[in-house]
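Enquirer: Mind looking over this structure? Questions follow.
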Amino acid sequence: VSPGGNFKTTFEIDEEAYFDFYCGRNAMLYLCPGDSMHLSFNAEKPEEKIKFTGNGAVVNNYLAEKKLLFTKIVPGEEELYSLKQNAFLLKIDSIKEQFMVKQKNFEDSTGPFSASFRKMNSDNTFYAWVERCFNYPEYHNYYAHDDSVKPGDSYYDFIKQIDFNDSELVKNSYFIRSLYKFLHYQKEKEFKNDSALKSMDNAETAVQFRLAKELLPQAKIRNLAMVNLLSAHIRN
């Protein structure tokens, strides 16, 4: 970086994807092969968005605006998960809806995103919502010091909306975390229905491994889950 705060870098990528950027500011970039962009920002004013120009600038200006929206509408973990269940669900539904509206309004003003970026972005919004749904019972107990919250089966109806057949989701961090929370939830249901399972050798891993084979129809997703379950078991 020059004394004036300028820098230039070039690197090769094989496919479009998200990348983390840090140079006095944290940002998420979406880059495609052949992109050539100029970005400008004030490292001393984090409330100001990073501005992009050049090839690839449209989606990255959108992501910069999305990050600012995130800071305005998404509360901290303690505030969010301390909410009572109905208030929590209303809040995360509102967050999801505002991000969806933001995407639509931006496309209406600048033109449509590529199909691949639109899908990735929509998946991020949806599976962030799914992850929060999974988190709530445990996180509410921790932050609100309230272990009385035990959502019934109907609370988990959101699971029906998860697409376990979409192999592209193995690249989505929100989906991957939700995948393991899903297997954990299913494992706890089995332990509740048959307490003898807990006495098995390596019960936690064995039951989740079996559930992955039974409940995950898509090979890439199933293999990802099984490999990571085994890796976690070996580490522990």
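Labels used: A, B, ... for chains in the order of the structure tokens, numbers from 1 for residues in each chain, and numbers from 1 for ligands as shown.
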Can I get the residues of range 60-109 of chain A within 7 Å of range 41-54 of chain A, each with the closest pair of atoms and their distance in Å to one decimal, using only C-alpha atoms, sorted chain first then ascending number, as CSV?
Expert:
residue,atom,partner,partner_atom,distance
A:Asn60,CA,A:Phe52,CA,6.7
A:Asn61,CA,A:Phe52,CA,5.9
A:Ala64,CA,A:Lys49,CA,5.8
A:Glu65,CA,A:Lys49,CA,6.8
Enquirer: Neighbours of Asn223 in chain A within 9 Å (only C-alpha atoms; same-chain residues fewer than 5 positions away dropped), as a ChimeraX atom specification?
Expert: /A:212-213,218,228
Enquirer: If you run DSSP over the backbone, which residues in range 83-229 of chain A end up alpha helix (DSSP H)? Put them as a ChimeraX atom specification.
Expert: /A:85-110,115-144,173-193,203-215,219-229
Enquirer: What does the distance between CA of Leu69 in chain A and CA of Phe19 in chain A come to in Å, to one decimal place?
Expert: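 Computed distance, CA of Leu69 in chain A to CA of Phe19 in chain A, equals 19.4 Å.
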Enquirer: Find the residue from A:Ala219, A:Glu107, A:Gly56, A:Tyr22 that sits nearest to Asp35 in chain A; use only C-alpha atoms when measuring.
Expert: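 Of A:Ala219, A:Glu107, A:Gly56, A:Tyr22, the one nearest Asp35 in chain A, counting only C-alpha atoms, is A:Gly56.
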Enquirer: Between CA of Asn6 in chain A and CA of Met37 in chain A, what is the spacing in Å?
Expert: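 Answer for the CA of Met37 in chain A to CA of Asn6 in chain A separation: 13.4 Å.
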Enquirer: From a DSSP pass on the backbone, collect the residues of range 4-211 of chain A flagged as strand (DSSP E) and hand them back as number ranges by chain.
Expert: A: 17-22, 26-31, 36-40, 51-55
Enquirer: I want to know what sits within 12 Å of Lys66 in chain A, based on only C-alpha atoms, with residues of the same chain fewer than 2 positions away left out; could you give that as a PyMOL selection string?
Expert: chain A and resi 27-29+49-50+59-64+68-74+95-96+98-106+121+124-125
Enquirer: List as a list in words the protein and nucleic acid residues near range 78-83 of chain A, meaning an atom at most 10 Å away when only C-alpha atoms are counted, but skip any in the same chain fewer than 3 places from it.
Expert: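 Listed by chain and then number, they are Val74, Pro75, Asn86, Ala87, Phe88, Leu89, Lys91, Ile92, Arg132, Asn135, Tyr136, Pro137, Glu138, Tyr139, His140, Asn141, Tyr142, Tyr143, Ala144, His145 and Asp146 of chain A.
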Enquirer: Using only C-alpha atoms, tabulate the residues of range 18-132 of chain A lying at most 8 Å from any atom of range 166-179 of chain A, each with its closest atom pair and that distance in Å to one decimal, by chain and increasing residue number, as CSV.
Expert:
residue,atom,partner,partner_atom,distance
A:Met120,CA,A:Asn172,CA,7.9
A:Asp123,CA,A:Asn172,CA,7.8
A:Asn124,CA,A:Tyr174,CA,6.5
A:Tyr127,CA,A:Tyr174,CA,5.3
A:Ala128,CA,A:Tyr174,CA,5.5
A:Val130,CA,A:Ser178,CA,6.7
A:Glu131,CA,A:Ser178,CA,5.2
Enquirer: For Gly152 in chain A, which residue among A:Arg235, A:Lys189, A:Lys198, A:Lys84 is the nearest when counting only C-alpha atoms?
Expert: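 Of A:Arg235, A:Lys189, A:Lys198, A:Lys84, the one nearest Gly152 in chain A is A:Lys189, counting only C-alpha atoms.
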Enquirer: If we count only C-alpha atoms, what is near Arg210 in chain A at a cut-off of 12 Å, once residues fewer than 2 positions away on the same chain are taken out, given as an mmCIF file with N, CA, C and O atoms, in the first residue's frame?
Expert:
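Here's the written file result_15.cif:
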data_model
loop_
_atom_site.group_PDB
_atom_site.id
_atom_site.type_symbol
_atom_site.label_atom_id
_atom_site.label_comp_id
_atom_site.auth_asym_id
_atom_site.auth_seq_id
_atom_site.Cartn_x
_atom_site.Cartn_y
_atom_site.Cartn_z
ATOM 1 N N LEU A 183 -28.970 -32.350 11.682
ATOM 2 C CA LEU A 183 -28.615 -33.699 12.118
ATOM 3 C C LEU A 183 -28.606 -33.803 13.641
ATOM 4 O O LEU A 183 -29.026 -34.822 14.200
ATOM 5 N N HIS A 184 -28.153 -32.759 14.305
ATOM 6 C CA HIS A 184 -28.177 -32.750 15.775
ATOM 7 C C HIS A 184 -29.612 -32.813 16.290
ATOM 8 O O HIS A 184 -29.917 -33.567 17.229
ATOM 9 N N GLN A 186 -32.260 -34.034 14.735
ATOM 10 C CA GLN A 186 -32.811 -35.363 14.469
ATOM 11 C C GLN A 186 -32.238 -36.400 15.436
ATOM 12 O O GLN A 186 -32.950 -37.313 15.887
ATOM 13 N N LYS A 187 -30.967 -36.255 15.772
ATOM 14 C CA LYS A 187 -30.338 -37.169 16.735
ATOM 15 C C LYS A 187 -30.999 -37.051 18.099
ATOM 16 O O LYS A 187 -31.310 -38.066 18.750
ATOM 17 N N GLU A 190 -34.227 -38.848 18.227
ATOM 18 C CA GLU A 190 -34.060 -40.292 18.347
ATOM 19 C C GLU A 190 -33.678 -40.687 19.776
ATOM 20 O O GLU A 190 -34.176 -41.686 20.311
ATOM 21 N N ALA A 203 -22.139 -43.052 20.435
ATOM 22 C CA ALA A 203 -23.543 -42.876 20.067
ATOM 23 C C ALA A 203 -23.791 -41.597 19.280
ATOM 24 O O ALA A 203 -24.525 -41.614 18.278
ATOM 25 N N GLU A 204 -23.223 -40.487 19.715
ATOM 26 C CA GLU A 204 -23.477 -39.206 19.049
ATOM 27 C C GLU A 204 -23.121 -39.286 17.569
ATOM 28 O O GLU A 204 -23.918 -38.952 16.700
ATOM 29 N N THR A 205 -21.897 -39.740 17.289
ATOM 30 C CA THR A 205 -21.442 -39.810 15.898
ATOM 31 C C THR A 205 -22.174 -40.903 15.124
ATOM 32 O O THR A 205 -22.591 -40.698 13.978
ATOM 33 N N ALA A 206 -22.349 -42.052 15.754
ATOM 34 C CA ALA A 206 -22.957 -43.185 15.051
ATOM 35 C C ALA A 206 -24.377 -42.880 14.608
ATOM 36 O O ALA A 206 -24.769 -43.178 13.470
ATOM 37 N N VAL A 207 -25.160 -42.271 15.485
ATOM 38 C CA VAL A 207 -26.549 -41.973 15.149
ATOM 39 C C VAL A 207 -26.617 -40.890 14.071
ATOM 40 O O VAL A 207 -27.382 -41.009 13.102
ATOM 41 N N GLN A 208 -25.811 -39.842 14.195
ATOM 42 C CA GLN A 208 -25.838 -38.788 13.181
ATOM 43 C C GLN A 208 -25.318 -39.305 11.835
ATOM 44 O O GLN A 208 -25.816 -38.893 10.775
ATOM 45 N N ALA A 212 -27.508 -39.179 8.488
ATOM 46 C CA ALA A 212 -27.036 -38.549 7.245
ATOM 47 C C ALA A 212 -27.293 -39.467 6.058
ATOM 48 O O ALA A 212 -27.741 -39.028 4.991
ATOM 49 N N LYS A 213 -27.027 -40.756 6.232
ATOM 50 C CA LYS A 213 -27.255 -41.715 5.136
ATOM 51 C C LYS A 213 -28.736 -41.859 4.829
ATOM 52 O O LYS A 213 -29.126 -42.027 3.670
ATOM 53 N N GLU A 214 -29.575 -41.780 5.855
ATOM 54 C CA GLU A 214 -31.001 -41.997 5.666
ATOM 55 C C GLU A 214 -31.742 -40.758 5.171
ATOM 56 O O GLU A 214 -32.706 -40.875 4.397
ATOM 57 N N LEU A 215 -31.317 -39.577 5.613
ATOM 58 C CA LEU A 215 -32.121 -38.371 5.406
ATOM 59 C C LEU A 215 -31.575 -37.425 4.334
ATOM 60 O O LEU A 215 -32.282 -36.494 3.938
ATOM 61 N N LEU A 216 -30.348 -37.638 3.885
ATOM 62 C CA LEU A 216 -29.754 -36.717 2.917
ATOM 63 C C LEU A 216 -29.638 -37.409 1.563
ATOM 64 O O LEU A 216 -28.723 -38.207 1.332
ATOM 65 N N ARG A 222 -24.619 -35.351 1.384
ATOM 66 C CA ARG A 222 -24.491 -36.499 2.299
ATOM 67 C C ARG A 222 -23.018 -36.776 2.613
ATOM 68 O O ARG A 222 -22.636 -36.968 3.779
ATOM 69 N N ASN A 223 -22.172 -36.798 1.586
ATOM 70 C CA ASN A 223 -20.756 -37.089 1.790
ATOM 71 C C ASN A 223 -20.076 -36.004 2.616
ATOM 72 O O ASN A 223 -19.219 -36.300 3.464
ATOM 73 N N ALA A 225 -21.464 -34.141 4.910
ATOM 74 C CA ALA A 225 -21.883 -34.323 6.299
ATOM 75 C C ALA A 225 -21.150 -35.497 6.939
ATOM 76 O O ALA A 225 -20.645 -35.392 8.071
ATOM 77 N N MET A 226 -21.054 -36.611 6.237
ATOM 78 C CA MET A 226 -20.447 -37.808 6.808
ATOM 79 C C MET A 226 -18.949 -37.631 7.039
ATOM 80 O O MET A 226 -18.419 -38.032 8.086
ATOM 81 N N LEU A 229 -18.530 -35.289 10.023
ATOM 82 C CA LEU A 229 -18.874 -35.972 11.269
ATOM 83 C C LEU A 229 -17.732 -36.878 11.723
ATOM 84 O O LEU A 229 -17.370 -36.903 12.909
ATOM 85 N N LEU A 230 -17.152 -37.619 10.794
ATOM 86 C CA LEU A 230 -16.036 -38.493 11.130
ATOM 87 C C LEU A 230 -14.811 -37.691 11.550
ATOM 88 O O LEU A 230 -14.104 -38.062 12.496
#
Enquirer: Counting only C-alpha atoms, which residue out of A:Leu39, A:Cys133, A:Ser114, A:Ala17 sits closest to Ile159 in chain A?
Expert: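 Of all the options, A:Cys133 lies closest to Ile159 in chain A.
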Enquirer: Which value, in Å to one decimal, gives the distance between CA of Asp20 in chain A and CA of Phe164 in chain A?
Expert: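 Pair CA of Asp20 in chain A / CA of Phe164 in chain A returns 26.5 Å.
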